[in-house]
>>> print(open('upload39.pdb').read())   # PDB, C-alpha atoms
ATOM      1  CA  MET A   1       0.000   0.000   0.000  1.00  0.00           C
ATOM      2  CA  LYS A   2       2.906   2.340   0.793  1.00  0.00           C
ATOM      3  CA  GLU A   3       4.275   1.881  -2.721  1.00  0.00           C
ATOM      4  CA  GLU A   4       0.871   2.797  -4.133  1.00  0.00           C
ATOM      5  CA  TYR A   5       0.749   6.008  -2.091  1.00  0.00           C
ATOM      6  CA  GLN A   6       4.202   7.012  -3.297  1.00  0.00           C
ATOM      7  CA  GLN A   7       2.879   7.204  -6.835  1.00  0.00           C
ATOM      8  CA  HIS A   8       0.556  10.069  -5.923  1.00  0.00           C
ATOM      9  CA  SER A   9       1.167  13.690  -4.967  1.00  0.00           C
ATOM     10  CA  ASP A  10       0.428  14.824  -1.434  1.00  0.00           C
ATOM     11  CA  GLU A  11      -2.451  16.893  -2.750  1.00  0.00           C
ATOM     12  CA  GLU A  12      -4.000  13.816  -4.378  1.00  0.00           C
ATOM     13  CA  LEU A  13      -3.531  11.852  -1.169  1.00  0.00           C
ATOM     14  CA  MET A  14      -5.407  14.523   0.771  1.00  0.00           C
ATOM     15  CA  ILE A  15      -8.381  13.996  -1.546  1.00  0.00           C
ATOM     16  CA  TYR A  16      -8.256  10.232  -1.062  1.00  0.00           C
ATOM     17  CA  LEU A  17      -7.998  10.722   2.689  1.00  0.00           C
ATOM     18  CA  ARG A  18     -11.131  12.860   2.679  1.00  0.00           C
ATOM     19  CA  ASP A  19     -12.826  10.038   0.766  1.00  0.00           C
ATOM     20  CA  GLY A  20     -12.074   7.615   3.605  1.00  0.00           C
ATOM     21  CA  GLU A  21      -8.674   6.081   2.734  1.00  0.00           C
ATOM     22  CA  THR A  22      -7.494   5.816   6.358  1.00  0.00           C
ATOM     23  CA  GLY A  23      -4.012   4.435   5.698  1.00  0.00           C
ATOM     24  CA  ILE A  24      -2.912   7.720   4.174  1.00  0.00           C
ATOM     25  CA  MET A  25      -2.644   9.450   7.554  1.00  0.00           C
ATOM     26  CA  ASP A  26       0.034   7.025   8.757  1.00  0.00           C
ATOM     27  CA  PHE A  27       1.850   7.326   5.432  1.00  0.00           C
ATOM     28  CA  ILE A  28       1.959  11.137   5.589  1.00  0.00           C
ATOM     29  CA  MET A  29       3.025  11.174   9.246  1.00  0.00           C
ATOM     30  CA  ASP A  30       5.892   8.813   8.421  1.00  0.00           C
ATOM     31  CA  LYS A  31       6.828  10.686   5.235  1.00  0.00           C
ATOM     32  CA  TYR A  32       7.183  14.034   7.027  1.00  0.00           C
ATOM     33  CA  LYS A  33       8.753  12.885  10.294  1.00  0.00           C
ATOM     34  CA  ASN A  34      12.223  13.868   9.085  1.00  0.00           C
ATOM     35  CA  LEU A  35      10.978  17.394   8.362  1.00  0.00           C
ATOM     36  CA  VAL A  36       9.670  17.550  11.931  1.00  0.00           C
ATOM     37  CA  LYS A  37      13.021  16.361  13.307  1.00  0.00           C
ATOM     38  CA  SER A  38      14.887  18.902  11.202  1.00  0.00           C
ATOM     39  CA  LYS A  39      12.736  21.760  12.468  1.00  0.00           C
ATOM     40  CA  ALA A  40      13.082  20.527  16.040  1.00  0.00           C
ATOM     41  CA  LYS A  41      16.848  20.741  15.623  1.00  0.00           C
ATOM     42  CA  SER A  42      16.535  24.366  14.494  1.00  0.00           C
ATOM     43  CA  MET A  43      14.086  25.363  17.242  1.00  0.00           C
ATOM     44  CA  TYR A  44      16.259  23.688  19.889  1.00  0.00           C
ATOM     45  CA  ILE A  45      18.443  26.799  19.914  1.00  0.00           C
ATOM     46  CA  LEU A  46      15.609  28.677  21.600  1.00  0.00           C
ATOM     47  CA  GLY A  47      15.975  26.580  24.720  1.00  0.00           C
ATOM     48  CA  ALA A  48      13.269  23.946  24.238  1.00  0.00           C
ATOM     49  CA  ASP A  49      13.516  20.198  24.787  1.00  0.00           C
ATOM     50  CA  ARG A  50      14.101  18.411  21.483  1.00  0.00           C
ATOM     51  CA  ASP A  51      11.781  15.475  22.238  1.00  0.00           C
ATOM     52  CA  ASP A  52       9.011  17.879  23.235  1.00  0.00           C
ATOM     53  CA  LEU A  53       9.555  19.819  20.024  1.00  0.00           C
ATOM     54  CA  ILE A  54       9.286  16.669  17.944  1.00  0.00           C
ATOM     55  CA  GLN A  55       6.035  15.792  19.691  1.00  0.00           C
ATOM     56  CA  GLU A  56       4.673  19.276  19.072  1.00  0.00           C
ATOM     57  CA  GLY A  57       5.850  19.100  15.475  1.00  0.00           C
ATOM     58  CA  MET A  58       3.933  15.883  14.910  1.00  0.00           C
ATOM     59  CA  ILE A  59       0.849  17.577  16.345  1.00  0.00           C
ATOM     60  CA  GLY A  60       1.397  20.424  13.889  1.00  0.00           C
ATOM     61  CA  LEU A  61       1.720  17.902  11.068  1.00  0.00           C
ATOM     62  CA  PHE A  62      -1.525  16.237  12.113  1.00  0.00           C
ATOM     63  CA  LYS A  63      -3.252  19.631  12.058  1.00  0.00           C
ATOM     64  CA  ALA A  64      -1.843  20.256   8.580  1.00  0.00           C
ATOM     65  CA  VAL A  65      -3.368  17.020   7.316  1.00  0.00           C
ATOM     66  CA  ARG A  66      -6.659  17.854   9.022  1.00  0.00           C
ATOM     67  CA  ASP A  67      -6.899  21.453   7.805  1.00  0.00           C
ATOM     68  CA  PHE A  68      -5.283  21.384   4.342  1.00  0.00           C
ATOM     69  CA  ASP A  69      -7.449  22.959   1.673  1.00  0.00           C
ATOM     70  CA  SER A  70      -6.268  22.401  -1.894  1.00  0.00           C
ATOM     71  CA  GLY A  71      -8.307  25.360  -3.082  1.00  0.00           C
ATOM     72  CA  ARG A  72      -6.682  27.723  -0.604  1.00  0.00           C
ATOM     73  CA  ASP A  73      -3.163  26.436   0.084  1.00  0.00           C
ATOM     74  CA  ALA A  74      -0.387  26.427  -2.506  1.00  0.00           C
ATOM     75  CA  SER A  75       0.911  22.954  -1.671  1.00  0.00           C
ATOM     76  CA  PHE A  76       0.652  20.487   1.162  1.00  0.00           C
ATOM     77  CA  PHE A  77       4.395  20.696   1.853  1.00  0.00           C
ATOM     78  CA  THR A  78       4.267  24.479   2.261  1.00  0.00           C
ATOM     79  CA  PHE A  79       1.191  24.267   4.483  1.00  0.00           C
ATOM     80  CA  ALA A  80       2.687  21.439   6.590  1.00  0.00           C
ATOM     81  CA  ASP A  81       5.953  23.339   6.997  1.00  0.00           C
ATOM     82  CA  LEU A  82       4.011  26.335   8.282  1.00  0.00           C
ATOM     83  CA  CYS A  83       1.810  24.321  10.671  1.00  0.00           C
ATOM     84  CA  ILE A  84       4.790  22.468  12.130  1.00  0.00           C
ATOM     85  CA  SER A  85       6.753  25.686  12.671  1.00  0.00           C
ATOM     86  CA  ARG A  86       3.821  27.474  14.278  1.00  0.00           C
ATOM     87  CA  GLN A  87       3.066  24.578  16.612  1.00  0.00           C
ATOM     88  CA  MET A  88       6.680  24.329  17.730  1.00  0.00           C
ATOM     89  CA  TYR A  89       7.159  28.043  18.264  1.00  0.00           C
ATOM     90  CA  THR A  90       3.907  28.327  20.212  1.00  0.00           C
ATOM     91  CA  ALA A  91       5.161  25.528  22.459  1.00  0.00           C
ATOM     92  CA  VAL A  92       8.523  27.256  22.896  1.00  0.00           C
ATOM     93  CA  GLN A  93       6.840  30.469  23.984  1.00  0.00           C
ATOM     94  CA  ALA A  94       4.530  28.649  26.397  1.00  0.00           C
ATOM     95  CA  SER A  95       7.218  26.583  28.094  1.00  0.00           C
ATOM     96  CA  ARG A  96      10.229  28.880  28.093  1.00  0.00           C
ATOM     97  CA  ARG A  97      11.504  29.205  31.622  1.00  0.00           C
ATOM     98  CA  GLN A  98      14.185  31.787  30.945  1.00  0.00           C
ATOM     99  CA  LYS A  99      13.441  35.437  30.349  1.00  0.00           C
ATOM    100  CA  HIS A 100      15.838  35.695  27.419  1.00  0.00           C
ATOM    101  CA  ILE A 101      17.107  33.591  24.587  1.00  0.00           C
ATOM    102  CA  PRO A 102      19.808  31.181  25.913  1.00  0.00           C
ATOM    103  CA  LEU A 103      23.175  32.766  26.649  1.00  0.00           C
ATOM    104  CA  ASN A 104      25.059  30.670  24.118  1.00  0.00           C
ATOM    105  CA  THR A 105      22.793  31.948  21.367  1.00  0.00           C
ATOM    106  CA  TYR A 106      23.676  35.538  22.213  1.00  0.00           C
ATOM    107  CA  ILE A 107      27.369  34.679  22.322  1.00  0.00           C
ATOM    108  CA  SER A 108      27.197  33.142  18.852  1.00  0.00           C
ATOM    109  CA  LEU A 109      25.195  36.094  17.562  1.00  0.00           C
ATOM    110  CA  TYR A 110      27.562  38.599  19.123  1.00  0.00           C
ATOM    111  CA  ALA A 111      30.721  36.850  17.962  1.00  0.00           C
ATOM    112  CA  THR A 112      29.759  37.071  14.292  1.00  0.00           C
ATOM    113  CA  ALA A 113      27.414  40.030  14.195  1.00  0.00           C
ATOM    114  CA  LYS A 114      29.853  42.482  12.640  1.00  0.00           C
ATOM    115  CA  GLU A 115      30.598  40.037   9.863  1.00  0.00           C
ATOM    116  CA  ASP A 116      27.165  38.627   9.139  1.00  0.00           C
ATOM    117  CA  PHE A 117      24.729  41.466   9.776  1.00  0.00           C
ATOM    118  CA  SER A 118      26.116  43.160   6.679  1.00  0.00           C
ATOM    119  CA  GLN A 119      24.979  40.237   4.535  1.00  0.00           C
ATOM    120  CA  SER A 120      21.537  39.727   3.065  1.00  0.00           C
ATOM    121  CA  ASP A 121      19.159  37.181   4.546  1.00  0.00           C
ATOM    122  CA  GLU A 122      19.656  34.983   1.501  1.00  0.00           C
ATOM    123  CA  ASP A 123      23.447  34.896   2.010  1.00  0.00           C
ATOM    124  CA  ARG A 124      23.437  34.461   5.762  1.00  0.00           C
ATOM    125  CA  GLU A 125      23.014  30.960   7.223  1.00  0.00           C
ATOM    126  CA  LEU A 126      22.701  30.655  10.990  1.00  0.00           C
ATOM    127  CA  VAL A 127      23.969  27.086  10.977  1.00  0.00           C
ATOM    128  CA  ASN A 128      27.281  28.269   9.524  1.00  0.00           C
ATOM    129  CA  ILE A 129      27.508  31.030  12.118  1.00  0.00           C
ATOM    130  CA  LEU A 130      27.053  28.621  14.992  1.00  0.00           C
ATOM    131  CA  ALA A 131      29.493  26.155  13.461  1.00  0.00           C
ATOM    132  CA  ARG A 132      32.190  28.827  13.376  1.00  0.00           C
ATOM    133  CA  LYS A 133      31.850  29.310  17.103  1.00  0.00           C
ATOM    134  CA  SER A 134      34.082  26.268  17.597  1.00  0.00           C
ATOM    135  CA  GLU A 135      36.873  28.118  15.781  1.00  0.00           C
ATOM    136  CA  GLN A 136      37.059  30.840  18.412  1.00  0.00           C
ATOM    137  CA  SER A 137      40.014  30.907  20.791  1.00  0.00           C
ATOM    138  CA  PRO A 138      39.356  30.824  24.564  1.00  0.00           C
ATOM    139  CA  GLU A 139      40.354  34.492  24.716  1.00  0.00           C
ATOM    140  CA  GLU A 140      37.846  35.455  22.038  1.00  0.00           C
ATOM    141  CA  MET A 141      35.065  33.539  23.774  1.00  0.00           C
ATOM    142  CA  LEU A 142      35.902  35.235  27.068  1.00  0.00           C
ATOM    143  CA  ILE A 143      35.638  38.648  25.431  1.00  0.00           C
ATOM    144  CA  ASP A 144      32.306  37.635  23.934  1.00  0.00           C
ATOM    145  CA  LYS A 145      30.917  36.544  27.288  1.00  0.00           C
ATOM    146  CA  GLU A 146      31.922  39.840  28.848  1.00  0.00           C
ATOM    147  CA  ASN A 147      29.782  41.662  26.275  1.00  0.00           C
ATOM    148  CA  VAL A 148      26.771  39.350  26.349  1.00  0.00           C
ATOM    149  CA  GLU A 149      25.160  41.119  29.298  1.00  0.00           C
ATOM    150  CA  GLN A 150      25.235  44.397  27.392  1.00  0.00           C
ATOM    151  CA  LEU A 151      23.591  42.723  24.409  1.00  0.00           C
ATOM    152  CA  GLU A 152      20.928  41.072  26.589  1.00  0.00           C
ATOM    153  CA  LYS A 153      20.018  44.410  28.145  1.00  0.00           C
ATOM    154  CA  ALA A 154      19.765  46.039  24.728  1.00  0.00           C
ATOM    155  CA  ILE A 155      17.454  43.305  23.455  1.00  0.00           C
ATOM    156  CA  GLU A 156      15.219  43.526  26.519  1.00  0.00           C
ATOM    157  CA  LYS A 157      15.131  47.321  26.512  1.00  0.00           C
ATOM    158  CA  GLU A 158      15.138  48.227  22.834  1.00  0.00           C
ATOM    159  CA  LEU A 159      13.142  45.511  21.095  1.00  0.00           C
ATOM    160  CA  SER A 160       9.364  45.392  20.992  1.00  0.00           C
ATOM    161  CA  SER A 161       7.489  42.149  21.660  1.00  0.00           C
ATOM    162  CA  PHE A 162       7.078  41.616  17.920  1.00  0.00           C
ATOM    163  CA  GLU A 163      10.760  42.298  17.271  1.00  0.00           C
ATOM    164  CA  LYS A 164      11.739  39.759  19.921  1.00  0.00           C
ATOM    165  CA  GLN A 165       9.577  37.160  18.209  1.00  0.00           C
ATOM    166  CA  VAL A 166      11.166  37.993  14.869  1.00  0.00           C
ATOM    167  CA  LEU A 167      14.634  37.703  16.414  1.00  0.00           C
ATOM    168  CA  ASP A 168      13.705  34.342  17.947  1.00  0.00           C
ATOM    169  CA  LEU A 169      12.789  32.872  14.599  1.00  0.00           C
ATOM    170  CA  TYR A 170      15.612  34.608  12.743  1.00  0.00           C
ATOM    171  CA  LEU A 171      18.058  32.870  15.059  1.00  0.00           C
ATOM    172  CA  THR A 172      16.653  29.502  13.991  1.00  0.00           C
ATOM    173  CA  GLY A 173      17.697  30.293  10.418  1.00  0.00           C
ATOM    174  CA  MET A 174      14.337  31.370   9.015  1.00  0.00           C
ATOM    175  CA  SER A 175      14.084  34.026   6.309  1.00  0.00           C
ATOM    176  CA  TYR A 176      11.836  37.039   6.851  1.00  0.00           C
ATOM    177  CA  THR A 177       9.296  35.447   4.493  1.00  0.00           C
ATOM    178  CA  GLN A 178       9.117  32.299   6.620  1.00  0.00           C
ATOM    179  CA  ILE A 179       8.987  34.353   9.816  1.00  0.00           C
ATOM    180  CA  ALA A 180       6.071  36.370   8.471  1.00  0.00           C
ATOM    181  CA  ARG A 181       4.114  33.210   7.736  1.00  0.00           C
ATOM    182  CA  VAL A 182       4.776  31.679  11.154  1.00  0.00           C
ATOM    183  CA  LEU A 183       3.786  34.861  12.998  1.00  0.00           C
ATOM    184  CA  GLY A 184       0.850  35.596  10.716  1.00  0.00           C
ATOM    185  CA  ARG A 185       2.205  39.013   9.710  1.00  0.00           C
ATOM    186  CA  ASP A 186       2.807  40.549   6.304  1.00  0.00           C
ATOM    187  CA  GLU A 187       6.267  40.265   4.781  1.00  0.00           C
ATOM    188  CA  LYS A 188       6.940  44.009   4.621  1.00  0.00           C
ATOM    189  CA  SER A 189       6.347  44.641   8.340  1.00  0.00           C
ATOM    190  CA  THR A 190       8.429  41.572   9.204  1.00  0.00           C
ATOM    191  CA  ASP A 191      11.318  42.649   6.991  1.00  0.00           C
ATOM    192  CA  ASN A 192      11.138  46.164   8.460  1.00  0.00           C
ATOM    193  CA  ALA A 193      11.240  44.704  11.967  1.00  0.00           C
ATOM    194  CA  LEU A 194      14.284  42.647  11.047  1.00  0.00           C
ATOM    195  CA  GLN A 195      16.100  45.711   9.745  1.00  0.00           C
ATOM    196  CA  ARG A 196      15.258  47.607  12.951  1.00  0.00           C
ATOM    197  CA  ILE A 197      16.601  44.712  15.014  1.00  0.00           C
ATOM    198  CA  LYS A 198      19.869  44.694  13.105  1.00  0.00           C
ATOM    199  CA  ASN A 199      20.299  48.453  13.515  1.00  0.00           C
ATOM    200  CA  LYS A 200      19.555  48.302  17.241  1.00  0.00           C
ATOM    201  CA  LEU A 201      21.940  45.401  17.816  1.00  0.00           C
ATOM    202  CA  ARG A 202      24.696  47.075  15.832  1.00  0.00           C
ATOM    203  CA  LYS A 203      24.545  49.968  18.293  1.00  0.00           C
ATOM    204  CA  ALA A 204      24.618  47.589  21.261  1.00  0.00           C
ATOM    205  CA  ILE A 205      27.650  45.628  20.052  1.00  0.00           C
ATOM    206  CA  PRO A 206      31.074  47.258  20.469  1.00  0.00           C
ATOM    207  CA  THR A 207      32.798  47.907  17.189  1.00  0.00           C
ATOM    208  CA  GLU A 208      36.146  46.859  18.635  1.00  0.00           C
ATOM    209  CA  TYR A 209      37.156  44.397  21.309  1.00  0.00           C
TER     210      TYR A 209
END
>>> encode(input="upload39.pdb", output="structure tokens")
Amino acid sequence: MKEEYQQHSDEELMIYLRDGETGIMDFIMDKYKNLVKSKAKSMYILGADRDDLIQEGMIGLFKAVRDFDSGRDASFFTFADLCISRQMYTAVQASRRQKHIPLNTYISLYATAKEDFSQSDEDRELVNILARKSEQSPEEMLIDKENVEQLEKAIEKELSSFEKQVLDLYLTGMSYTQIARVLGRDEKSTDNALQRIKNKLRKAIPTEY
């Protein structure tokens, strides 16, 4: 039966599911589990438990299957991606114990801000930024930690609630277009918020060590 399902598009499968083909739900949940795991890995940076994120992601995937409308939504993949992201981020916000984004996230952001904030969103990949953290010397990391408190205060004081949400999702590697969809805002206001965040953080980060 699995081989038969693989011959059809997700959109076709949604139609068959509505017609009572019950095995499709299990097939879709299995097909997209790696997408859920990948997103859980990205959201983990915000301080959430990975297993909890995966569970929430699967709930988001279930909702995507339940609510997908072929006449309204561009594709099932796009809709599922959005539902999974929203479900995970809602869970992160609800369960976050700390007041700020985890310290290590700020350190990574601070350590590369002068280099990467000058790049466009399309050119800048958060995963690469975090990977380069391991290349820092102990002295460089110490300097970074000494400036983290200043950055934390700037974020808490200068950023609006919406800007903090945008920063959260930006740190997971999302583009402003993806962020807008997750937060249910238009792309222009999201992009403007991202530019304001960058300008505010530039002022908070020392230009020289």
>>> closest_residue(input="upload39.pdb", among="A:Glu11, A:Asp168, A:Glu158, A:Asp191", to="Phe77 in chain A", atoms="all atoms listed in the file")
A:Glu11
>>> closest_residue(input="upload39.pdb", among="A:Gln55, A:Asn192, A:Ser42, A:Ser85", to="Leu171 in chain A", atoms="all atoms listed in the file")
A:Ser42
>>> resolve_selection(input="upload39.pdb", expression="the PyMOL selection byres ((chain A and resi 169) around 12)", output="VMD selection string")
chain A and resid 39 42 to 46 85 to 86 88 to 90 92 to 93 101 126 162 to 168 170 to 183 190 194
>>> atom_distance(input="upload39.pdb", atom1="CA of Ala80 in chain A", atom2="CA of Val65 in chain A")
7.5 Å
>>> residues_around(input="upload39.pdb", residues="Gly71 in chain A", least_positions_apart="5", cutoff="12 Å", atoms="only C-alpha atoms", output="VMD selection string")
chain A and resid 11 14 to 15 76
>>> closest_residue(input="upload39.pdb", among="A:Asp19, A:Asp26, A:Gly57, A:Asp49", to="Tyr5 in chain A", atoms="only C-alpha atoms")
A:Asp26
>>> decode(input="upload39.pdb", residues="range 15-36 of chain A", atoms="N, CA, C and O atoms", output="JSON list (two decimals), in the first residue's frame")
[["chain", "number", "residue", "atom", "x", "y", "z"],
["A", 15, "ILE", "N", -7.04, 14.25, -1.01],
["A", 15, "ILE", "CA", -8.38, 14.00, -1.55],
["A", 15, "ILE", "C", -8.83, 12.59, -1.20],
["A", 15, "ILE", "O", -9.97, 12.36, -0.76],
["A", 16, "TYR", "N", -7.92, 11.62, -1.37],
["A", 16, "TYR", "CA", -8.26, 10.23, -1.06],
["A", 16, "TYR", "C", -8.53, 10.05, 0.43],
["A", 16, "TYR", "O", -9.41, 9.27, 0.82],
["A", 17, "LEU", "N", -7.79, 10.80, 1.24],
["A", 17, "LEU", "CA", -8.00, 10.72, 2.69],
["A", 17, "LEU", "C", -9.39, 11.22, 3.05],
["A", 17, "LEU", "O", -10.09, 10.62, 3.88],
["A", 18, "ARG", "N", -9.80, 12.32, 2.42],
["A", 18, "ARG", "CA", -11.13, 12.86, 2.68],
["A", 18, "ARG", "C", -12.23, 11.88, 2.24],
["A", 18, "ARG", "O", -13.33, 11.89, 2.77],
["A", 19, "ASP", "N", -11.87, 11.03, 1.27],
["A", 19, "ASP", "CA", -12.83, 10.04, 0.77],
["A", 19, "ASP", "C", -12.85, 8.77, 1.61],
["A", 19, "ASP", "O", -13.56, 7.82, 1.27],
["A", 20, "GLY", "N", -12.02, 8.74, 2.68],
["A", 20, "GLY", "CA", -12.07, 7.61, 3.60],
["A", 20, "GLY", "C", -10.91, 6.64, 3.56],
["A", 20, "GLY", "O", -10.95, 5.60, 4.22],
["A", 21, "GLU", "N", -9.85, 6.96, 2.80],
["A", 21, "GLU", "CA", -8.67, 6.08, 2.73],
["A", 21, "GLU", "C", -7.83, 6.32, 3.98],
["A", 21, "GLU", "O", -6.95, 7.19, 4.03],
["A", 22, "THR", "N", -8.07, 5.54, 5.04],
["A", 22, "THR", "CA", -7.49, 5.82, 6.36],
["A", 22, "THR", "C", -5.99, 5.59, 6.44],
["A", 22, "THR", "O", -5.31, 6.21, 7.26],
["A", 23, "GLY", "N", -5.44, 4.73, 5.62],
["A", 23, "GLY", "CA", -4.01, 4.44, 5.70],
["A", 23, "GLY", "C", -3.12, 5.60, 5.30],
["A", 23, "GLY", "O", -1.92, 5.61, 5.61],
["A", 24, "ILE", "N", -3.69, 6.58, 4.65],
["A", 24, "ILE", "CA", -2.91, 7.72, 4.17],
["A", 24, "ILE", "C", -2.36, 8.55, 5.33],
["A", 24, "ILE", "O", -1.25, 9.08, 5.25],
["A", 25, "MET", "N", -3.11, 8.67, 6.41],
["A", 25, "MET", "CA", -2.64, 9.45, 7.55],
["A", 25, "MET", "C", -1.31, 8.93, 8.07],
["A", 25, "MET", "O", -0.36, 9.69, 8.27],
["A", 26, "ASP", "N", -1.22, 7.62, 8.28],
["A", 26, "ASP", "CA", 0.03, 7.02, 8.76],
["A", 26, "ASP", "C", 1.16, 7.23, 7.76],
["A", 26, "ASP", "O", 2.31, 7.49, 8.14],
["A", 27, "PHE", "N", 0.84, 7.14, 6.47],
["A", 27, "PHE", "CA", 1.85, 7.33, 5.43],
["A", 27, "PHE", "C", 2.41, 8.75, 5.46],
["A", 27, "PHE", "O", 3.63, 8.95, 5.39],
["A", 28, "ILE", "N", 1.53, 9.74, 5.57],
["A", 28, "ILE", "CA", 1.96, 11.14, 5.59],
["A", 28, "ILE", "C", 2.77, 11.44, 6.85],
["A", 28, "ILE", "O", 3.80, 12.13, 6.80],
["A", 29, "MET", "N", 2.32, 10.93, 7.99],
["A", 29, "MET", "CA", 3.03, 11.17, 9.25],
["A", 29, "MET", "C", 4.44, 10.60, 9.17],
["A", 29, "MET", "O", 5.40, 11.20, 9.67],
["A", 30, "ASP", "N", 4.58, 9.43, 8.56],
["A", 30, "ASP", "CA", 5.89, 8.81, 8.42],
["A", 30, "ASP", "C", 6.74, 9.56, 7.39],
["A", 30, "ASP", "O", 7.95, 9.76, 7.58],
["A", 31, "LYS", "N", 6.11, 10.00, 6.31],
["A", 31, "LYS", "CA", 6.83, 10.69, 5.24],
["A", 31, "LYS", "C", 7.45, 11.99, 5.72],
["A", 31, "LYS", "O", 8.55, 12.36, 5.31],
["A", 32, "TYR", "N", 6.75, 12.71, 6.61],
["A", 32, "TYR", "CA", 7.18, 14.03, 7.03],
["A", 32, "TYR", "C", 7.87, 14.05, 8.39],
["A", 32, "TYR", "O", 8.20, 15.12, 8.89],
["A", 33, "LYS", "N", 8.14, 12.90, 8.98],
["A", 33, "LYS", "CA", 8.75, 12.89, 10.29],
["A", 33, "LYS", "C", 10.17, 13.47, 10.28],
["A", 33, "LYS", "O", 10.60, 14.08, 11.26],
["A", 34, "ASN", "N", 10.88, 13.30, 9.17],
["A", 34, "ASN", "CA", 12.22, 13.87, 9.09],
["A", 34, "ASN", "C", 12.19, 15.39, 9.01],
["A", 34, "ASN", "O", 13.09, 16.07, 9.51],
["A", 35, "LEU", "N", 11.15, 15.94, 8.38],
["A", 35, "LEU", "CA", 10.98, 17.39, 8.36],
["A", 35, "LEU", "C", 10.74, 17.89, 9.78],
["A", 35, "LEU", "O", 11.31, 18.92, 10.18],
["A", 36, "VAL", "N", 9.93, 17.18, 10.54],
["A", 36, "VAL", "CA", 9.67, 17.55, 11.93],
["A", 36, "VAL", "C", 10.97, 17.52, 12.74],
["A", 36, "VAL", "O", 11.26, 18.45, 13.51]]
